[in-house]
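So this one's model-v8.csv, CSV, C-alpha atoms and all ligand atoms:
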chain,number,residue,atom,x,y,z
K,1,MET,CA,0.0,0.0,0.0
K,2,ASN,CA,1.2,3.5,-0.9
K,3,SER,CA,2.6,5.1,2.2
K,4,LYS,CA,2.6,8.7,0.8
K,5,SER,CA,0.2,11.2,2.2
K,6,GLY,CA,-1.9,13.4,0.0
K,7,VAL,CA,-5.3,14.1,-1.4
K,8,LEU,CA,-5.5,10.5,-2.7
K,9,SER,CA,-4.2,8.8,0.4
K,10,GLY,CA,-6.0,5.5,0.9
K,11,LYS,CA,-7.6,5.6,-2.6
K,12,LYS,CA,-7.2,2.9,-5.2
K,13,GLY,CA,-7.7,3.3,-8.9
K,14,ILE,CA,-7.2,1.9,-12.4
K,15,VAL,CA,-5.2,3.6,-15.1
K,16,ILE,CA,-5.8,2.4,-18.7
K,17,GLY,CA,-3.7,3.8,-21.5
K,18,VAL,CA,0.0,4.0,-20.5
K,19,ALA,CA,2.0,3.1,-23.6
K,20,ASN,CA,5.3,4.6,-22.4
K,21,GLU,CA,6.8,7.4,-20.2
K,22,ARG,CA,5.4,10.1,-22.6
K,23,SER,CA,1.8,9.0,-22.2
K,24,ILE,CA,-0.7,11.4,-20.7
K,25,ALA,CA,-1.9,8.6,-18.5
K,26,TRP,CA,1.6,8.2,-17.1
K,27,GLY,CA,1.7,11.9,-16.2
K,28,ILE,CA,-1.6,11.5,-14.2
K,29,ALA,CA,-0.5,8.2,-12.7
K,30,LYS,CA,2.8,9.7,-11.4
K,31,GLU,CA,0.9,12.7,-9.8
K,32,ALA,CA,-1.8,10.3,-8.4
K,33,PHE,CA,0.9,8.1,-6.8
K,34,SER,CA,2.7,11.2,-5.3
K,35,ASN,CA,-0.6,12.1,-3.8
K,36,GLY,CA,-1.0,8.7,-2.1
K,37,ALA,CA,-3.0,6.6,-4.6
K,38,ASP,CA,-2.5,2.9,-5.2
K,39,ILE,CA,-2.7,2.2,-9.0
K,40,ALA,CA,-3.6,-0.8,-11.1
K,41,PHE,CA,-2.3,-0.6,-14.7
K,42,SER,CA,-3.5,-2.3,-17.9
K,43,TYR,CA,-1.7,-2.6,-21.2
K,44,GLN,CA,-2.6,-3.6,-24.7
K,45,GLY,CA,-0.4,-6.3,-26.1
K,46,LYS,CA,3.1,-7.6,-25.3
K,47,ALA,CA,5.2,-4.8,-26.7
K,48,ILE,CA,3.4,-2.2,-24.5
K,49,GLU,CA,3.6,-4.6,-21.5
K,50,LYS,CA,7.4,-4.6,-21.7
K,51,ARG,CA,7.5,-0.8,-21.5
K,52,LEU,CA,4.8,-0.5,-18.9
K,53,ARG,CA,6.0,-3.1,-16.4
K,54,PRO,CA,9.1,-1.2,-15.1
K,55,LEU,CA,7.1,2.1,-15.1
K,56,ALA,CA,4.2,0.6,-13.1
K,57,GLN,CA,6.7,-1.1,-10.7
K,58,SER,CA,8.4,2.2,-10.0
K,59,LEU,CA,5.0,3.3,-8.6
K,60,GLU,CA,4.8,0.1,-6.5
K,61,SER,CA,1.9,-1.3,-8.6
K,62,THR,CA,1.0,-4.8,-7.8
K,63,ILE,CA,-1.7,-5.1,-10.6
K,64,ILE,CA,-0.3,-4.9,-14.1
K,65,GLU,CA,-2.7,-6.8,-16.5
K,66,GLU,CA,-3.7,-7.0,-20.1
K,67,CYS,CA,-6.9,-5.1,-21.2
K,68,ASP,CA,-7.6,-4.7,-24.9
K,69,VAL,CA,-10.8,-2.6,-25.0
K,70,THR,CA,-12.0,-4.3,-28.2
K,71,ILE,CA,-12.0,-7.8,-26.6
K,72,PRO,CA,-14.8,-8.3,-24.0
K,73,SER,CA,-13.0,-11.3,-22.4
K,74,SER,CA,-9.9,-9.2,-21.9
K,75,ILE,CA,-11.9,-6.4,-20.2
K,76,ASP,CA,-13.7,-8.9,-18.0
K,77,SER,CA,-10.5,-10.7,-16.9
K,78,PHE,CA,-8.8,-7.3,-16.1
K,79,PHE,CA,-11.8,-6.3,-13.9
K,80,SER,CA,-11.9,-9.7,-12.2
K,81,LYS,CA,-8.3,-9.4,-11.3
K,82,VAL,CA,-8.8,-5.9,-9.8
K,83,SER,CA,-11.9,-7.0,-8.0
K,84,ASN,CA,-10.3,-10.1,-6.6
K,85,GLU,CA,-7.2,-8.2,-5.4
K,86,TRP,CA,-8.8,-5.0,-4.1
K,87,GLY,CA,-12.6,-5.6,-3.8
K,88,LYS,CA,-13.3,-2.0,-4.8
K,89,ILE,CA,-11.8,1.0,-6.5
K,90,ASP,CA,-12.3,4.8,-6.1
K,91,PHE,CA,-11.3,6.0,-9.6
K,92,MET,CA,-10.6,5.1,-13.2
K,93,ILE,CA,-8.6,6.9,-15.8
K,94,HIS,CA,-9.3,6.1,-19.4
K,95,ALA,CA,-6.7,7.5,-21.8
K,96,VAL,CA,-7.3,5.4,-24.9
K,97,ALA,CA,-7.7,6.4,-28.5
K,98,TYR,CA,-7.0,4.9,-31.9
K,99,SER,CA,-7.6,5.7,-35.6
K,100,ASP,CA,-5.8,4.6,-38.7
K,101,LYS,CA,-2.9,7.0,-39.5
K,102,GLU,CA,-4.2,7.4,-43.0
K,103,ALA,CA,-7.4,9.0,-41.7
K,104,LEU,CA,-5.4,11.6,-39.7
K,105,LYS,CA,-4.3,13.5,-42.8
K,106,GLY,CA,-6.2,14.9,-45.7
K,107,ARG,CA,-10.0,15.4,-45.4
K,108,TYR,CA,-12.5,14.1,-42.9
K,109,ILE,CA,-15.0,13.3,-45.8
K,110,ASP,CA,-12.7,10.5,-47.0
K,111,THR,CA,-12.9,8.5,-43.8
K,112,THR,CA,-13.9,4.9,-44.5
K,113,LYS,CA,-16.8,3.3,-42.7
K,114,GLU,CA,-14.5,0.6,-41.3
K,115,ASN,CA,-12.1,3.1,-39.7
K,116,PHE,CA,-15.0,5.4,-38.5
K,117,LEU,CA,-16.5,2.5,-36.6
K,118,ARG,CA,-13.1,1.3,-35.3
K,119,THR,CA,-12.2,4.8,-34.1
K,120,MET,CA,-15.6,5.2,-32.4
K,121,GLU,CA,-15.3,1.8,-30.8
K,122,ILE,CA,-11.8,2.3,-29.3
K,123,SER,CA,-11.9,6.1,-28.7
K,124,CYS,CA,-15.5,6.6,-27.5
K,125,PHE,CA,-17.5,3.4,-26.8
K,126,SER,CA,-14.7,1.9,-24.7
K,127,PHE,CA,-15.1,4.6,-22.1
K,128,THR,CA,-18.8,3.8,-21.6
K,129,ASP,CA,-18.1,0.1,-21.7
K,130,LEU,CA,-15.3,0.4,-19.0
K,131,CYS,CA,-17.5,2.7,-16.9
K,132,ASN,CA,-20.1,0.0,-16.9
K,133,LYS,CA,-17.6,-2.5,-15.5
K,134,ALA,CA,-16.0,-0.1,-13.1
K,135,VAL,CA,-19.2,0.9,-11.3
K,136,ASN,CA,-19.6,-2.7,-10.1
K,137,ILE,CA,-16.6,-2.2,-8.0
K,138,MET,CA,-17.3,1.4,-6.8
K,139,PRO,CA,-19.8,0.8,-4.0
K,140,ASP,CA,-18.7,4.0,-2.2
K,141,GLY,CA,-18.8,6.3,-5.2
K,142,GLY,CA,-15.8,7.8,-6.9
K,143,SER,CA,-14.5,9.4,-10.1
K,144,LEU,CA,-14.3,8.3,-13.7
K,145,LEU,CA,-12.1,10.3,-16.0
K,146,THR,CA,-11.4,10.3,-19.7
K,147,LEU,CA,-9.1,12.3,-22.0
K,148,SER,CA,-10.3,14.6,-24.8
K,149,TYR,CA,-9.0,17.3,-27.1
K,150,TYR,CA,-10.3,20.6,-28.4
K,151,GLY,CA,-10.7,19.0,-31.8
K,152,ALA,CA,-14.1,17.7,-30.4
K,153,GLU,CA,-15.4,21.3,-30.3
K,154,ARG,CA,-13.6,23.0,-33.2
K,155,VAL,CA,-12.2,21.7,-36.5
K,156,MET,CA,-8.5,21.1,-36.1
K,157,PRO,CA,-6.2,20.2,-39.1
K,158,HIS,CA,-6.0,16.5,-39.7
K,159,TYR,CA,-7.9,15.5,-36.5
K,160,ASN,CA,-10.8,14.4,-38.7
K,161,VAL,CA,-12.6,11.3,-37.5
K,162,MET,CA,-10.9,11.5,-34.1
K,163,GLY,CA,-12.6,14.9,-33.6
K,164,VAL,CA,-15.9,13.3,-34.3
K,165,ALA,CA,-15.1,10.5,-31.8
K,166,LYS,CA,-14.0,13.0,-29.2
K,167,ALA,CA,-17.3,14.9,-29.6
K,168,ALA,CA,-19.2,11.7,-29.0
K,169,LEU,CA,-16.9,10.9,-26.0
K,170,GLU,CA,-17.6,14.4,-24.5
K,171,SER,CA,-21.3,13.9,-25.0
K,172,SER,CA,-21.2,10.5,-23.4
K,173,VAL,CA,-19.4,12.0,-20.4
K,174,LYS,CA,-22.5,14.1,-19.8
K,175,TYR,CA,-24.9,11.2,-20.1
K,176,LEU,CA,-22.8,9.0,-17.9
K,177,ALA,CA,-22.6,11.7,-15.3
K,178,THR,CA,-26.4,11.7,-15.1
K,179,ASP,CA,-26.7,7.9,-15.1
K,180,LEU,CA,-24.1,7.6,-12.3
K,181,GLY,CA,-24.7,10.7,-10.2
K,182,ARG,CA,-27.1,9.0,-7.8
K,183,LYS,CA,-24.4,6.5,-6.9
K,184,ASN,CA,-22.1,9.4,-6.1
K,185,ILE,CA,-19.9,8.5,-9.1
K,186,ARG,CA,-18.6,11.5,-10.9
K,187,VAL,CA,-17.7,11.4,-14.6
K,188,ASN,CA,-15.5,14.1,-16.3
K,189,ALA,CA,-13.2,14.6,-19.2
K,190,LEU,CA,-9.9,16.4,-19.2
K,191,SER,CA,-9.4,18.2,-22.5
K,192,ALA,CA,-5.6,18.4,-22.8
K,193,GLY,CA,-3.6,20.7,-25.1
K,194,PRO,CA,-1.4,19.0,-27.7
K,195,MET,CA,1.5,16.8,-26.3
K,196,LYS,CA,4.1,14.8,-28.0
K,197,THR,CA,3.0,11.2,-27.4
K,198,LEU,CA,2.9,8.0,-29.4
K,199,ALA,CA,-0.8,8.5,-30.3
K,200,ALA,CA,-0.1,12.1,-31.4
K,201,SER,CA,2.8,11.1,-33.7
K,202,GLY,CA,0.1,9.7,-36.0
K,203,ILE,CA,-1.4,13.2,-36.6
K,204,ASN,CA,0.0,14.9,-39.7
K,205,ASN,CA,1.9,18.2,-39.1
K,206,PHE,CA,1.6,17.7,-35.3
K,207,ARG,CA,4.8,19.8,-34.7
K,208,PHE,CA,3.1,22.7,-36.4
K,209,ILE,CA,0.0,22.2,-34.2
K,210,MET,CA,2.2,22.3,-31.1
K,211,LYS,CA,4.0,25.4,-32.1
K,212,TRP,CA,0.8,27.2,-33.0
K,213,ASN,CA,-0.7,26.4,-29.6
K,214,GLU,CA,2.5,27.5,-27.9
K,215,LEU,CA,2.5,30.9,-29.7
K,216,ASN,CA,-1.2,31.6,-29.4
K,217,SER,CA,-2.2,30.3,-26.0
K,218,PRO,CA,-2.6,32.9,-23.2
K,219,LEU,CA,0.2,31.2,-21.1
K,220,GLN,CA,2.5,31.2,-24.2
K,221,LYS,CA,3.5,27.5,-23.7
K,222,ASN,CA,2.4,24.0,-24.2
K,223,VAL,CA,1.1,21.9,-21.4
K,224,THR,CA,3.4,19.5,-19.7
K,225,GLN,CA,2.8,16.0,-18.2
K,226,GLU,CA,2.9,17.7,-14.8
K,227,ASP,CA,0.2,20.3,-15.7
K,228,VAL,CA,-2.1,17.5,-16.9
K,229,GLY,CA,-1.2,15.2,-14.0
K,230,LYS,CA,-2.0,17.8,-11.4
K,231,SER,CA,-5.4,18.6,-13.0
K,232,GLY,CA,-6.1,14.9,-13.3
K,233,VAL,CA,-5.5,14.5,-9.5
K,234,TYR,CA,-8.0,17.3,-8.9
K,235,LEU,CA,-10.6,15.5,-11.0
K,236,ILE,CA,-10.1,12.0,-9.5
K,237,SER,CA,-9.9,13.3,-5.9
K,238,ASP,CA,-12.4,14.8,-3.5
K,239,LEU,CA,-11.0,18.2,-4.4
K,240,SER,CA,-13.6,18.2,-7.3
K,241,SER,CA,-16.4,16.6,-5.2
K,242,GLY,CA,-19.0,19.0,-6.7
K,243,VAL,CA,-17.8,18.5,-10.3
K,244,THR,CA,-19.4,16.1,-12.8
K,245,GLY,CA,-20.3,16.0,-16.5
K,246,GLU,CA,-17.5,18.6,-17.0
K,247,ILE,CA,-15.1,19.0,-19.9
K,248,HIS,CA,-12.2,20.6,-18.2
K,249,HIS,CA,-9.6,22.3,-20.5
K,250,VAL,CA,-6.0,21.9,-19.5
K,251,ASP,CA,-4.5,23.7,-22.5
K,252,CYS,CA,-2.8,26.8,-21.3
K,253,GLY,CA,-6.0,28.7,-22.1
K,254,TYR,CA,-5.8,28.0,-25.9
K,255,ASN,CA,-9.6,27.3,-26.2
K,256,THR,CA,-10.5,30.8,-25.0
K,257,VAL,CA,-8.6,32.5,-27.9
K,258,GLY,CA,-10.4,33.7,-31.1
K,259,MET,CA,-7.6,35.0,-33.3
K,260,LEU,CA,-3.9,34.6,-34.1
K,261,GLU,CA,-1.7,36.7,-31.8
K,262,PRO,CA,-0.1,39.3,-34.2
K,263,SER,CA,3.3,39.1,-32.5
K,264,SER,CA,3.4,35.4,-33.4
K,265,ALA,CA,2.7,36.0,-37.1
K,266,HIS,CA,6.4,36.2,-38.0
K,267,GLU,CA,7.4,32.9,-36.4
K,268,ILE,CA,4.3,31.2,-37.8
K,269,SER,CA,5.1,32.3,-41.4
K,270,ASP,CA,8.6,30.7,-41.0
K,271,LEU,CA,7.1,27.5,-39.7
K,272,LEU,CA,4.6,27.4,-42.6
K,273,LYS,CA,7.5,26.8,-45.0
K,274,LYS,CA,8.1,23.4,-43.4
K,275,VAL,CA,4.4,22.3,-43.4
K,276,ASP,CA,3.2,19.4,-45.4
K,277,PHE,CA,0.2,20.8,-47.2
K,278,GLU,CA,-1.2,17.4,-48.3
K,301,LIG,P1,-0.5,7.2,-26.0
K,301,LIG,O1,-0.1,6.6,-27.3
K,301,LIG,O2,0.6,7.3,-25.0
K,301,LIG,O3,-1.7,6.5,-25.4
K,301,LIG,C1,-2.8,6.0,-26.1
K,301,LIG,C2,-3.1,4.6,-25.5
K,301,LIG,O4,-4.3,4.1,-26.1
K,301,LIG,C3,-2.0,3.6,-25.6
K,301,LIG,O5,-1.6,3.2,-24.3
K,301,LIG,C4,-2.6,2.5,-26.3
K,301,LIG,O6,-2.1,1.2,-25.9
K,301,LIG,C5,-4.1,2.7,-25.9
K,301,LIG,N1,-4.9,1.9,-26.8
K,301,LIG,C6,-5.2,2.0,-28.1
K,301,LIG,N2,-6.0,1.0,-28.6
K,301,LIG,C7,-6.3,0.3,-27.5
K,301,LIG,C8,-7.0,-0.9,-27.3
K,301,LIG,N3,-7.7,-1.5,-28.3
K,301,LIG,N4,-7.1,-1.4,-26.0
K,301,LIG,C9,-6.5,-0.8,-25.0
K,301,LIG,N5,-5.7,0.3,-25.1
K,301,LIG,C10,-5.6,0.8,-26.4
K,301,LIG,O7,-1.0,8.7,-26.3
K,301,LIG,P2,-1.7,9.9,-25.5
K,301,LIG,O8,-1.5,11.1,-26.2
K,301,LIG,O9,-1.2,9.8,-24.1
K,301,LIG,O10,-3.2,9.5,-25.5
K,301,LIG,C11,-4.0,9.3,-24.3
K,301,LIG,C12,-5.3,10.0,-24.5
K,301,LIG,O11,-5.1,11.4,-24.5
K,301,LIG,C13,-6.1,9.7,-25.8
K,301,LIG,O12,-7.4,9.6,-25.6
K,301,LIG,C14,-5.7,10.9,-26.6
K,301,LIG,O13,-6.7,11.1,-27.6
K,301,LIG,C15,-5.8,11.9,-25.6
K,301,LIG,N6,-5.2,13.3,-25.9
K,301,LIG,C16,-4.0,13.3,-26.4
K,301,LIG,C17,-3.5,14.6,-26.7
K,301,LIG,C18,-2.1,14.7,-27.3
K,301,LIG,O14,-1.8,15.8,-27.9
K,301,LIG,N7,-1.2,13.8,-27.1
K,301,LIG,C19,-4.2,15.8,-26.4
K,301,LIG,C20,-5.5,15.6,-25.9
K,301,LIG,C21,-6.0,14.4,-25.6

Could you render the structure as structure tokens?
Ligand code: NAD
Amino acid sequence: MNSKSGVLSGKKGIVIGVANERSIAWGIAKEAFSNGADIAFSYQGKAIEKRLRPLAQSLESTIIEECDVTIPSSIDSFFSKVSNEWGKIDFMIHAVAYSDKEALKGRYIDTTKENFLRTMEISCFSFTDLCNKAVNIMPDGGSLLTLSYYGAERVMPHYNVMGVAKAALESSVKYLATDLGRKNIRVNALSAGPMKTLAASGINNFRFIMKWNELNSPLQKNVTQEDVGKSGVYLISDLSSGVTGEIHHVDCGYNTVGMLEPSSAHEISDLLKKVDFE
């Protein structure tokens, strides 16, 4: 059991979606551990297991199990292991998304039906599905958190079908919040600014997107793992006891801005020379 004291002291939770040390889920897990939480981790496939295991062990995790969100038996066996080991949990973090790389360039209109459904299944439905399992081991209430992006609300270059999936995910957060509110289970999304992760590497011109955000957000920087981690702790802890159905932006304020900052125009025009305009 985690001996650290903090706002999550004595709390136990599941983190789904750590692929490596750059993962957003890893940033939240580290902060949660520093604040006293015990964490169970899941991975998708052997390659990720190899990278996850030493990370999870560095946070004294005793539950590190496979959970592929597209395979019902894999989800069931993960939740059985958590239930057998701990009996109950207080929080779950869902940081899972997938779309075919080909769909994350060019136009949204060219998305195939197959990839549309796959993207929705992994990036949206899986949260509802996992919440459905998690509530069975949350008798005392708790907090369910997913990760979103501003591409759900506004059109972002190349985000395409993932933006549509995130819009559905954000809407499902609100429906789930109402379904589960009576059980004192809160459901929220953390809408993070762009960060260099494995999933983000599939998005065309991602470096340009990062630079644009840095130059045009009120805080004039991109978010760090620590920024997102600390806000994640707020959302999974009692610090946010009155917050549910919320899409909480952790993006250095970028979502509040309506126009390019004139002082950044020069730098942007240099960057544009390196952009792939496909
Ligand atoms: P990441 O690549 O580190 O994490 C994505 C995770 O999804 C991986 O751990 C991967 O194993 C998991 N995953 C994919 N398919 C799965 C499946 N079938 N079963 C189980 N797990 C599966 O990238 P990340 O950027 O940390 O992404 C985490 C979340 O944050 C995603 O929802 C992403 O959309 C969101 N997000 C990312 C950014 C960004 O700029 N990186 C910004 C806002 C929101």

field: Exercise: Thr111 (chain K) partners within 12 Å, only C-alpha atoms, chain neighbours under 6 positions left out, as a PyMOL selection string
entry: chain K and resi 99-105+117-119+158-162+164

For chain K against ligand LIG 301 (chain K), with a cut-off of 8 Å and counting all atoms listed in the file, what is the closest atom pair and its distance in Å to one decimal for every residue that makes the cut, ordered by chain and number, as a tab-separated table?
residue	atom	partner	partner_atom	distance
K:Ile16	CA	K:LIG301	N5	6.7
K:Gly17	CA	K:LIG301	O5	3.6
K:Val18	CA	K:LIG301	O5	4.2
K:Ala19	CA	K:LIG301	O5	3.7
K:Asn20	CA	K:LIG301	O2	6.0
K:Glu21	CA	K:LIG301	O2	7.8
K:Arg22	CA	K:LIG301	O2	6.1
K:Ser23	CA	K:LIG301	O2	3.5
K:Ile24	CA	K:LIG301	O9	3.8
K:Ala25	CA	K:LIG301	O9	5.8
K:Trp26	CA	K:LIG301	O9	7.7
K:Ser42	CA	K:LIG301	C9	7.9
K:Tyr43	CA	K:LIG301	O6	6.1
K:Gln44	CA	K:LIG301	C9	4.8
K:Gly45	CA	K:LIG301	O6	7.7
K:Ile48	CA	K:LIG301	O6	6.6
K:Cys67	CA	K:LIG301	C9	5.8
K:Asp68	CA	K:LIG301	N4	3.5
K:Val69	CA	K:LIG301	N4	4.0
K:Thr70	CA	K:LIG301	N3	5.1
K:Ile71	CA	K:LIG301	N3	7.8
K:His94	CA	K:LIG301	O12	7.4
K:Ala95	CA	K:LIG301	C12	3.9
K:Val96	CA	K:LIG301	O4	3.5
K:Ala97	CA	K:LIG301	O12	4.3
K:Tyr98	CA	K:LIG301	C6	5.1
K:Ile122	CA	K:LIG301	N3	5.7
K:Ser123	CA	K:LIG301	O12	6.5
K:Thr146	CA	K:LIG301	O12	7.2
K:Leu147	CA	K:LIG301	O11	4.8
K:Ser148	CA	K:LIG301	C21	4.4
K:Tyr149	CA	K:LIG301	C20	4.1
K:Tyr150	CA	K:LIG301	C20	7.4
K:Met162	CA	K:LIG301	O13	7.7
K:Lys166	CA	K:LIG301	O13	7.7
K:Leu190	CA	K:LIG301	C21	7.8
K:Ser191	CA	K:LIG301	C20	5.8
K:Ala192	CA	K:LIG301	C20	4.2
K:Gly193	CA	K:LIG301	C19	5.1
K:Pro194	CA	K:LIG301	O14	3.2
K:Met195	CA	K:LIG301	O14	3.8
K:Lys196	CA	K:LIG301	N7	5.5
K:Thr197	CA	K:LIG301	O8	4.7
K:Leu198	CA	K:LIG301	O1	3.9
K:Ala199	CA	K:LIG301	O1	3.6
K:Ala200	CA	K:LIG301	N7	4.8

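Near (-8.1, 18.8, -18.4), the residues that fall inside 7 Å on the basis of all atoms listed in the file are K:Ala189, K:Leu190, K:Ser191, K:Ala192, K:Val228, K:Ser231, K:Gly232, K:His248, K:His249, K:Val250.
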
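For the residues K:Leu215, K:Ile247, K:Lys183, K:Pro139, ranking by smallest atom-to-atom distance to Glu261 (chain K) using only C-alpha atoms places K:Leu215 first.
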
- request: Find the residue from K:Gly106, K:Ser143, K:Gly10, K:Glu153 that sits nearest to Thr256 (chain K); use all atoms listed in the file when measuring.
  value: K:Glu153

task: Just give me the gap between CA of Leu260 (chain K) and CA of Thr224 (chain K) in Å, one decimal is fine.
output: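 A separation of 22.1 Å between them.
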
field: Distance in Å - CA of Leu239 (chain K) versus CA of Ser80 (chain K)
entry: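 That distance, rounded to one decimal, is 29.0 Å.
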
- prompt: Between K:Leu52, K:Ala47, K:Val7, K:Cys131, which one has atoms that come closest to Ile185 (chain K), using all atoms listed in the file?
  reply: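 When distances to Ile185 (chain K) are compared using all atoms listed in the file, the smallest one comes from K:Cys131.
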
query: So what do you get for CA of Gly87 (chain K) versus CA of Asn184 (chain K), distance-wise?
result: 17.9 Å

field: Test item: residues at most 8 Å from Glu226 (chain K), only C-alpha atoms, excluding those fewer than 2 positions along its chain, as an NGL selection string
entry: :K and (27-28 or 31 or 224 or 228-230)

- request: Determine, counting all atoms listed in the file, every residue of protein, DNA or RNA that lies within 12 Å of (-9.1, 15.7, -5.5) in the file coordinates, then give the result as a ChimeraX atom specification.
  value: /K:6-9,11,31-32,35-37,90-91,142-143,186,229-243

field: Distance query Ser83 (chain K) at most 10 Å, all atoms listed in the file, self and fewer than 5 positions along chain excluded, as a VMD selection string
entry: chain K and resid 77 to 78 88 to 89 134 136 to 137

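With only C-alpha atoms as the basis for measurement, K:Gly13 is the residue among K:Pro54, K:Gly141, K:Gly13, K:Pro262 that approaches Val82 (chain K) most closely.
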
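Nearest to Asp38 (chain K) of all the residues K:Tyr254, K:Phe125, K:Tyr108, K:Trp86 is K:Trp86, counting all atoms listed in the file.
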
Option closest in space to Glu246 (chain K), from K:Ser73, K:Thr178, K:Ser58, K:Asn213 [counting only C-alpha atoms]: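 Smallest distance to Glu246 (chain K) is found for K:Thr178.
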